[in-house]
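Input: a single structure, listed below in structure tokens.
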Amino acid sequence: MSSRMAGATLLRHLGPRLFAAAEPASGLAASARGIMPAAARIFPARMASTEAAGPRAKQEEATEKPQGATTPEQNKKAVVSYWGIEPRKLVKDDGTEWPWFSFRPWDTYRPDTSIDVAKHHEPRAVADKVAYLIVRTLRKGSDLFFQRRHASHALLLETVAAVPPMVGGVLLHLRSLRRFEHSGGWIRALMEEAENERMHLMTFMEVTQPLWWERALVLATQGVFFNAYFVGYLISPKFAHRFVGYLEEEAVHSYTEYLKDLEAGLIENTPAPAIAIDYWRLPADARLKDVVIAVRADEAHHRDANHYASDIHYQGMTLNQTPAPLGYH
């Protein structure tokens with residue numbers, strides 16, 4: 001069909017709407033009344049307005065609608081999902097409605113607090129020693145910066161700790177696709193670790209709020225660290241996992257110091273946030289100390305998983321061995 005024929009067809013269909021006659025009037029008022037009804041017919045959702053309806057329209061609506069009837073707008077339920085789909089209603093074990101959208105009841109678990117939190121992987125290879133030296137240097141800087149402000153330190157720590165497993169999971173996902181091979185479960189393991197670290201952050205957001213300069217620090221740190229770790233993982237996944245293993249060791253140490261100050265009464269042992277009680281299935285009367293113990297146990301499992309990944313990586317150029325148990329999910 002030629003462009004002239006297509007234009008004629010379009011004009012034949014839209015002409016009656018665009019050039020429909022308006023009420024008799026003169027001047028600008030006539031133009032306004034002629035254009036607006038036509039535009040409202042083409043774009044009813046954008047142009048309609050309940051306040052713009054005249055007295056006659058309101059009177060007709062009142063006579064057509066039975067008394068006590070509700071409008072479609074009143075019957076329309078609020079939709080909270082980004083995609084415009086009303087989420088399924090979930091309930092807790094006690095019958096109350098599930099309040100969280102960031103995680104679901106099947107994502108919750110009880111932390112394995114029996115894990116050895118004092119465990120340390122002694123660096124032997126040159127790459128291990130370099131990774132350990134980098135992490136120790138970073139820890140000295142963070143300790144000097146945050147001092148004993150453990151909650152603020154935890155916020156920054158979790159924004160950093162959630163980056164490596166996401167980067168590793170994405171790169172292993174792409175590798176699995178281009179090589180047409182399985183990952184041995186490592187993609188899921190790393191993605192679960194990233195989500196677990198993010199939930200740590202969501203929890204401590206209920207304990208304290210970052211200041212503007214702390215937010216700026218997180219922005220700068222994440223921008224540098226994400227790109228550096230991405231390149232590092234491409235060069236040597238073995239080194240990258242070893243680095244994260246030592247990073248998690250320092251996280252365990254930081255939360256141990258947090259617990260010491262809580263037990264000494266230097267920090268108020270406030271009630272645990274509701275999100276922590278539901279996520280870790282803690283007792284209803286749980287305190288902040290219980291939350292820190294749960295988070296420290298998670299970090300210890302992340303430590304072991306990453307050291308294990310570094311130990312087996314490139315022993316035959318594959319990660320097809322099963323991941324170490326993460327202690328959750």
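If you're wondering about the labels, chains in the structure tokens are A, B, ... by order shown, residues count from 1 in each chain, ligands from 1 in order shown.
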**OP:** Please identify all polymer residues within 7 Å of segment 233-245 of chain A, counting only C-alpha atoms, omitting same-chain residues fewer than 2 positions from it, and present them as a VMD selection string.
**Re:** chain A and resid 127 to 128 131 to 132 229 to 231 247 to 249 303 to 304 306 to 307 309 to 310 313
Subject >> Backbone-only DSSP, alpha helix (DSSP H) members of segment 272-313 of chain A, as a ChimeraX atom specification >> reply: /A:274-279,288-312
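The two atoms in question, atom CA of Asp112 of chain A and atom CA of Leu282 of chain A, are spaced 12.2 Å apart.
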**OP:** Compile the contact shell of Lys89 of chain A as a PyMOL selection string: residues with an atom at most 10 Å away, counting only C-alpha atoms, same-chain residues fewer than 5 positions apart removed.
**Re:** chain A and resi 97-99
Filtering to C-alpha atoms, could you give me those residues as a PDB file, in the first residue's frame?
ATOM      1  CA  GLU A  97      -0.565 -11.417  56.900  1.00  0.00           C
ATOM      2  CA  TRP A  98       2.994 -11.606  55.564  1.00  0.00           C
ATOM      3  CA  PRO A  99       4.257  -7.981  55.521  1.00  0.00           C
TER       4      PRO A  99
END
Subject >> Who sits within 9 Å of Asn196 of chain A, only C-alpha atoms, same chain under 4 positions skipped, as a VMD selection string >> reply: chain A and resid 162 191 to 192 200 to 201 298
Original post:
To one decimal place, how far is atom CA of His120 of chain A from atom CA of Arg136 of chain A in Å?
Top reply: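 According to the coordinates, atom CA of His120 of chain A and atom CA of Arg136 of chain A are separated by 13.1 Å.
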Original post:
Near Val291 of chain A, within 12 Å and counting only C-alpha atoms, which residues show up once chain neighbours fewer than 5 positions away are dropped, as JSON, numbers by chain?
Top reply: {"A": [110, 111, 113, 151, 199, 200, 203, 204, 206, 207, 255, 258, 259, 262, 269, 270, 271, 272, 273, 274, 275, 276, 277, 278, 279, 280, 281, 282, 283, 285, 286, 296, 297, 298]}
May I have the residues from that selection written out with N, CA and C atoms, as an mmCIF file, in the first residue's frame?
data_model
loop_
_atom_site.group_PDB
_atom_site.id
_atom_site.type_symbol
_atom_site.label_atom_id
_atom_site.label_comp_id
_atom_site.auth_asym_id
_atom_site.auth_seq_id
_atom_site.Cartn_x
_atom_site.Cartn_y
_atom_site.Cartn_z
ATOM 1 N N ARG A 110 16.601 -20.644 59.894
ATOM 2 C CA ARG A 110 17.215 -20.478 61.215
ATOM 3 C C ARG A 110 18.731 -20.562 61.049
ATOM 4 N N PRO A 111 19.466 -19.578 61.532
ATOM 5 C CA PRO A 111 20.919 -19.560 61.309
ATOM 6 C C PRO A 111 21.620 -20.679 62.065
ATOM 7 N N THR A 113 24.331 -21.261 64.149
ATOM 8 C CA THR A 113 25.271 -20.511 64.982
ATOM 9 C C THR A 113 26.351 -21.400 65.595
ATOM 10 N N ALA A 151 27.081 -0.106 64.057
ATOM 11 C CA ALA A 151 25.929 -0.164 63.151
ATOM 12 C C ALA A 151 26.248 0.523 61.825
ATOM 13 N N MET A 199 20.053 -8.695 52.545
ATOM 14 C CA MET A 199 19.115 -8.742 53.664
ATOM 15 C C MET A 199 19.776 -8.281 54.957
ATOM 16 N N HIS A 200 21.083 -8.521 55.100
ATOM 17 C CA HIS A 200 21.802 -7.954 56.238
ATOM 18 C C HIS A 200 21.700 -6.430 56.214
ATOM 19 N N THR A 203 18.315 -5.199 57.169
ATOM 20 C CA THR A 203 18.114 -5.330 58.615
ATOM 21 C C THR A 203 18.744 -4.173 59.369
ATOM 22 N N PHE A 204 19.991 -3.864 59.049
ATOM 23 C CA PHE A 204 20.672 -2.795 59.784
ATOM 24 C C PHE A 204 20.148 -1.419 59.403
ATOM 25 N N GLU A 206 17.153 -0.814 59.685
ATOM 26 C CA GLU A 206 16.170 -0.625 60.748
ATOM 27 C C GLU A 206 16.832 -0.254 62.073
ATOM 28 N N VAL A 207 18.145 -0.438 62.152
ATOM 29 C CA VAL A 207 18.877 -0.130 63.385
ATOM 30 C C VAL A 207 19.414 1.290 63.345
ATOM 31 N N TYR A 255 31.752 -8.182 63.579
ATOM 32 C CA TYR A 255 30.529 -8.491 64.316
ATOM 33 C C TYR A 255 30.836 -9.060 65.694
ATOM 34 N N TYR A 258 31.244 -6.053 67.719
ATOM 35 C CA TYR A 258 29.888 -5.517 67.940
ATOM 36 C C TYR A 258 29.246 -6.224 69.125
ATOM 37 N N LEU A 259 29.366 -7.560 69.172
ATOM 38 C CA LEU A 259 28.787 -8.337 70.261
ATOM 39 C C LEU A 259 29.439 -7.999 71.605
ATOM 40 N N LEU A 262 27.914 -4.879 72.885
ATOM 41 C CA LEU A 262 26.536 -5.131 73.318
ATOM 42 C C LEU A 262 26.518 -5.822 74.683
ATOM 43 N N ASN A 269 21.010 -2.849 73.932
ATOM 44 C CA ASN A 269 20.530 -4.082 73.316
ATOM 45 C C ASN A 269 19.028 -3.953 73.051
ATOM 46 N N THR A 270 18.687 -3.239 72.008
ATOM 47 C CA THR A 270 17.300 -2.920 71.687
ATOM 48 C C THR A 270 16.576 -4.151 71.137
ATOM 49 N N PRO A 271 15.239 -4.106 71.087
ATOM 50 C CA PRO A 271 14.505 -5.220 70.472
ATOM 51 C C PRO A 271 14.912 -5.414 69.019
ATOM 52 N N ALA A 272 14.915 -6.644 68.584
ATOM 53 C CA ALA A 272 15.291 -6.957 67.202
ATOM 54 C C ALA A 272 14.272 -6.376 66.233
ATOM 55 N N PRO A 273 14.709 -5.863 65.082
ATOM 56 C CA PRO A 273 13.760 -5.380 64.076
ATOM 57 C C PRO A 273 12.835 -6.504 63.620
ATOM 58 N N ALA A 274 11.622 -6.133 63.256
ATOM 59 C CA ALA A 274 10.635 -7.129 62.831
ATOM 60 C C ALA A 274 11.110 -7.902 61.618
ATOM 61 N N ILE A 275 11.818 -7.225 60.713
ATOM 62 C CA ILE A 275 12.286 -7.901 59.505
ATOM 63 C C ILE A 275 13.299 -8.987 59.846
ATOM 64 N N ALA A 276 14.117 -8.765 60.881
ATOM 65 C CA ALA A 276 15.090 -9.768 61.305
ATOM 66 C C ALA A 276 14.405 -10.965 61.960
ATOM 67 N N ILE A 277 13.378 -10.700 62.752
ATOM 68 C CA ILE A 277 12.646 -11.788 63.414
ATOM 69 C C ILE A 277 12.026 -12.725 62.381
ATOM 70 N N ASP A 278 11.464 -12.159 61.335
ATOM 71 C CA ASP A 278 10.826 -12.988 60.307
ATOM 72 C C ASP A 278 11.857 -13.673 59.411
ATOM 73 N N TYR A 279 12.939 -12.982 59.085
ATOM 74 C CA TYR A 279 13.913 -13.539 58.140
ATOM 75 C C TYR A 279 14.687 -14.707 58.753
ATOM 76 N N TRP A 280 15.120 -14.546 60.013
ATOM 77 C CA TRP A 280 15.893 -15.602 60.666
ATOM 78 C C TRP A 280 15.036 -16.482 61.586
ATOM 79 N N ARG A 281 13.731 -16.268 61.562
ATOM 80 C CA ARG A 281 12.807 -17.035 62.411
ATOM 81 C C ARG A 281 13.214 -16.959 63.876
ATOM 82 N N LEU A 282 13.509 -15.744 64.311
ATOM 83 C CA LEU A 282 13.913 -15.521 65.696
ATOM 84 C C LEU A 282 12.686 -15.473 66.594
ATOM 85 N N PRO A 283 12.875 -15.669 67.904
ATOM 86 C CA PRO A 283 11.740 -15.536 68.835
ATOM 87 C C PRO A 283 11.171 -14.117 68.800
ATOM 88 N N ASP A 285 10.588 -12.160 71.112
ATOM 89 C CA ASP A 285 11.246 -11.264 72.075
ATOM 90 C C ASP A 285 12.747 -11.156 71.814
ATOM 91 N N ALA A 286 13.190 -11.462 70.604
ATOM 92 C CA ALA A 286 14.613 -11.410 70.275
ATOM 93 C C ALA A 286 15.149 -9.988 70.391
ATOM 94 N N ARG A 296 26.582 -12.760 62.058
ATOM 95 C CA ARG A 296 27.961 -13.261 62.145
ATOM 96 C C ARG A 296 28.048 -14.708 61.658
ATOM 97 N N ALA A 297 27.045 -15.525 61.987
ATOM 98 C CA ALA A 297 27.030 -16.920 61.522
ATOM 99 C C ALA A 297 26.946 -16.980 60.002
ATOM 100 N N ASP A 298 26.116 -16.109 59.409
ATOM 101 C CA ASP A 298 26.039 -16.054 57.944
ATOM 102 C C ASP A 298 27.387 -15.721 57.331
#
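Nearest residue to Arg139 of chain A among A:Glu122, A:Glu158, A:Glu250, A:Glu299 is A:Glu250, counting only C-alpha atoms.
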Original post:
What is the atom CA of Arg287 of chain A to atom CA of Glu263 of chain A distance in Å?
Top reply: 11.7 Å
